[in-house]
$ cat final.cif   # mmCIF, C-alpha atoms
data_target
loop_
_atom_site.label_atom_id
_atom_site.label_comp_id
_atom_site.auth_asym_id
_atom_site.auth_seq_id
_atom_site.Cartn_x
_atom_site.Cartn_y
_atom_site.Cartn_z
CA MET F 1 -16.07 -9.97 -15.61
CA LYS F 2 -14.29 -8.21 -12.79
CA SER F 3 -10.52 -8.46 -12.82
CA TRP F 4 -10.30 -9.63 -9.19
CA LEU F 5 -12.63 -12.54 -9.97
CA VAL F 6 -10.60 -13.59 -13.01
CA TYR F 7 -7.37 -13.30 -11.01
CA SER F 8 -8.79 -15.31 -8.09
CA LEU F 9 -10.09 -18.04 -10.39
CA ALA F 10 -6.72 -18.23 -12.15
CA ARG F 11 -4.90 -18.56 -8.81
CA ILE F 12 -7.32 -21.25 -7.59
CA GLY F 13 -6.98 -23.09 -10.90
CA ILE F 14 -3.20 -23.09 -10.71
CA PHE F 15 -3.37 -24.35 -7.13
CA ALA F 16 -5.87 -27.10 -8.00
CA VAL F 17 -3.82 -28.36 -10.96
CA LEU F 18 -0.62 -28.44 -8.91
CA LEU F 19 -2.36 -30.16 -6.00
CA ALA F 20 -3.73 -32.83 -8.34
CA VAL F 21 -0.29 -33.38 -9.88
CA PHE F 22 1.37 -33.65 -6.46
CA LEU F 23 -1.28 -36.09 -5.24
CA VAL F 24 -0.94 -38.21 -8.41
CA ILE F 25 2.80 -38.57 -7.77
CA ARG F 26 1.81 -39.81 -4.30
CA LEU F 27 3.10 -37.03 -2.08
CA PRO F 28 1.46 -36.97 1.35
CA TRP F 29 -1.53 -34.60 1.26
CA PRO F 30 -0.08 -32.02 3.74
CA VAL F 31 3.15 -31.79 1.73
CA ALA F 32 1.20 -31.70 -1.54
CA THR F 33 -1.05 -28.90 -0.26
CA ILE F 34 1.80 -26.74 1.04
CA GLY F 35 3.87 -27.43 -2.07
CA ALA F 36 0.97 -26.57 -4.37
CA ALA F 37 0.38 -23.32 -2.48
CA LEU F 38 4.04 -22.26 -2.66
CA VAL F 39 4.63 -23.29 -6.27
CA GLY F 40 1.26 -21.80 -7.26
CA LEU F 41 2.26 -18.51 -5.67
CA LEU F 42 5.48 -18.45 -7.66
CA ILE F 43 3.77 -19.38 -10.93
CA SER F 44 1.00 -16.80 -10.48
CA TYR F 45 3.54 -14.11 -9.62
CA ILE F 46 5.44 -14.81 -12.83
CA ALA F 47 2.53 -15.65 -15.16
CA LEU F 48 -0.18 -13.18 -14.05
CA PRO F 49 1.41 -9.72 -13.64
CA LYS F 50 -1.12 -8.00 -15.91
CA LEU F 51 -4.11 -9.36 -13.98
CA ARG F 52 -2.45 -8.54 -10.65
CA TRP F 53 -1.86 -4.95 -11.82
CA GLN F 54 -5.50 -4.63 -12.94
CA VAL F 55 -6.73 -5.88 -9.56
CA ALA F 56 -4.46 -3.49 -7.67
CA THR F 57 -5.56 -0.58 -9.85
CA SER F 58 -9.25 -1.35 -9.43
CA PHE F 59 -8.89 -1.57 -5.63
CA ALA F 60 -6.92 1.69 -5.52
CA GLU F 61 -9.56 3.50 -7.58
CA ARG F 62 -12.32 2.15 -5.37
CA ARG F 63 -10.60 3.32 -2.17
CA ARG F 64 -9.84 6.80 -3.48
CA GLY F 65 -11.39 9.26 -1.06
CA PRO F 66 -11.93 13.00 -1.19
CA ASP F 67 -8.84 15.11 -1.74
CA HIS F 68 -9.79 17.51 1.05
CA ASP F 69 -12.14 17.54 3.96
CA GLU F 70 -12.97 20.18 6.55
CA ASP F 71 -10.67 18.77 9.23
CA THR F 72 -7.65 18.59 6.95
CA ASP F 73 -8.23 22.11 5.64
CA PHE F 74 -8.61 23.47 9.19
CA GLU F 75 -5.41 21.78 10.37
CA ASP F 76 -3.49 23.02 7.33
CA ASP F 77 -4.73 26.59 7.89
CA PHE F 78 -3.87 26.40 11.59
CA VAL F 79 -0.31 25.20 10.97
CA ASP F 80 0.21 27.79 8.23
CA ALA F 81 -1.03 30.57 10.53
CA GLU F 82 1.29 29.43 13.34
CA ASP F 83 4.26 29.33 10.98
CA SER F 84 3.62 32.79 9.59
CA ALA F 85 2.97 34.32 13.04
CA ALA F 86 6.18 32.95 14.60
CA PRO F 87 8.90 35.62 14.44
CA SER F 88 12.16 34.48 12.97
CA VAL F 89 14.98 34.96 15.45
CA ASP F 90 18.49 35.62 14.31
CA PRO F 91 20.79 33.24 16.24
CA ALA F 92 23.41 36.00 16.49
CA ARG F 93 20.91 38.27 18.31
CA SER F 94 19.40 35.57 20.51
CA ALA F 95 19.26 36.20 24.26
CA GLU F 96 20.93 32.87 24.90
CA PRO F 97 23.93 32.02 22.75
CA GLY F 98 23.59 28.77 20.83
CA VAL F 99 19.77 28.65 21.11
CA VAL F 100 17.99 28.66 17.77
CA GLU F 101 14.21 28.86 17.56
CA ARG F 102 12.67 26.67 14.93
CA PRO F 103 9.35 27.13 13.12
CA ALA F 104 6.35 25.06 14.20
CA SER F 105 6.43 22.95 11.03
CA PRO F 106 9.34 21.55 9.02
CA HIS F 107 7.64 22.92 5.90
CA ALA F 108 7.58 26.53 7.09
CA ASP F 109 10.88 27.42 5.48
CA ALA F 110 9.96 25.84 2.15
#
$ encode --input "final.cif" --output "structure tokens"
Amino acid sequence: MKSWLVYSLARIGIFAVLLAVFLVIRLPWPVATIGAALVGLLISYIALPKLRWQVATSFAERRRGPDHDEDTDFEDDFVDAEDSAAPSVDPARSAEPGVVERPASPHADA
């Protein structure tokens, strides 16, 4: 069974049990519903960390896309070419004192 289904059923079960308990002790239904939702959230956060981690991992693996595509590679090559073509200017030899030219990318000096 998929982890997200187990996690969802566990959360709904916790909510249903709490709602039933709150209604049995004769709380008004809006207060019982909101209270069951809040207390159920707290209980599921504390009691279900392993299931929550499995759900998050399965969603992250499903959304994983390609590491590179043509657009990203083109942009990376373009920025790298601009950084390597830009001459480095010594601030001491600059035409205007105090003016320092910076590379096109913050990663050019790395």
$ resolve_selection --input "final.cif" --expression "the PyMOL selection byres ((chain F and resi 36) around 9)" --output "VMD selection string"
chain F and resid 14 to 22 31 to 35 37 to 41
$ write_last_selection --input "final.cif" --atoms "C-alpha atoms" --output "mmCIF file, in the coordinates of the input"
data_model
loop_
_atom_site.group_PDB
_atom_site.id
_atom_site.type_symbol
_atom_site.label_atom_id
_atom_site.label_comp_id
_atom_site.auth_asym_id
_atom_site.auth_seq_id
_atom_site.Cartn_x
_atom_site.Cartn_y
_atom_site.Cartn_z
ATOM 1 C CA ILE F 14 -3.200 -23.090 -10.710
ATOM 2 C CA PHE F 15 -3.370 -24.350 -7.130
ATOM 3 C CA ALA F 16 -5.870 -27.100 -8.000
ATOM 4 C CA VAL F 17 -3.820 -28.360 -10.960
ATOM 5 C CA LEU F 18 -0.620 -28.440 -8.910
ATOM 6 C CA LEU F 19 -2.360 -30.160 -6.000
ATOM 7 C CA ALA F 20 -3.730 -32.830 -8.340
ATOM 8 C CA VAL F 21 -0.290 -33.380 -9.880
ATOM 9 C CA PHE F 22 1.370 -33.650 -6.460
ATOM 10 C CA VAL F 31 3.150 -31.790 1.730
ATOM 11 C CA ALA F 32 1.200 -31.700 -1.540
ATOM 12 C CA THR F 33 -1.050 -28.900 -0.260
ATOM 13 C CA ILE F 34 1.800 -26.740 1.040
ATOM 14 C CA GLY F 35 3.870 -27.430 -2.070
ATOM 15 C CA ALA F 37 0.380 -23.320 -2.480
ATOM 16 C CA LEU F 38 4.040 -22.260 -2.660
ATOM 17 C CA VAL F 39 4.630 -23.290 -6.270
ATOM 18 C CA GLY F 40 1.260 -21.800 -7.260
ATOM 19 C CA LEU F 41 2.260 -18.510 -5.670
#
$ atom_distance --input "final.cif" --atom1 "atom CA of F:Trp29" --atom2 "atom CA of F:Leu48"
26.4 Å
$ atom_distance --input "final.cif" --atom1 "atom CA of F:Ser3" --atom2 "atom CA of F:Ile43"
18.1 Å
$ resolve_selection --input "final.cif" --expression "the PyMOL selection byres ((chain F and resi 50-62) around 6)" --output "tab-separated table (two decimals) with C-alpha atoms, keeping the file's coordinate frame"
chain	number	residue	atom	x	y	z
F	3	SER	CA	-10.52	-8.46	-12.82
F	4	TRP	CA	-10.30	-9.63	-9.19
F	7	TYR	CA	-7.37	-13.30	-11.01
F	48	LEU	CA	-0.18	-13.18	-14.05
F	49	PRO	CA	1.41	-9.72	-13.64
F	63	ARG	CA	-10.60	3.32	-2.17
F	64	ARG	CA	-9.84	6.80	-3.48
$ atom_distance --input "final.cif" --atom1 "atom CA of F:Arg26" --atom2 "atom CA of F:Leu42"
21.9 Å
$ axis_aligned_box --input "final.cif" --around "stretch 27-46 of chain F" --padding-each-side "6 Å" --output "AutoDock Vina command-line options"
--center_x 2.0 --center_y -25.6 --center_z -4.5 --size_x 19.0 --size_y 34.9 --size_z 28.6
$ closest_residue --input "final.cif" --among "F:Pro28, F:Glu70, F:Val79, F:Ser44" --to "F:Ile12" --atoms "only C-alpha atoms"
F:Ser44
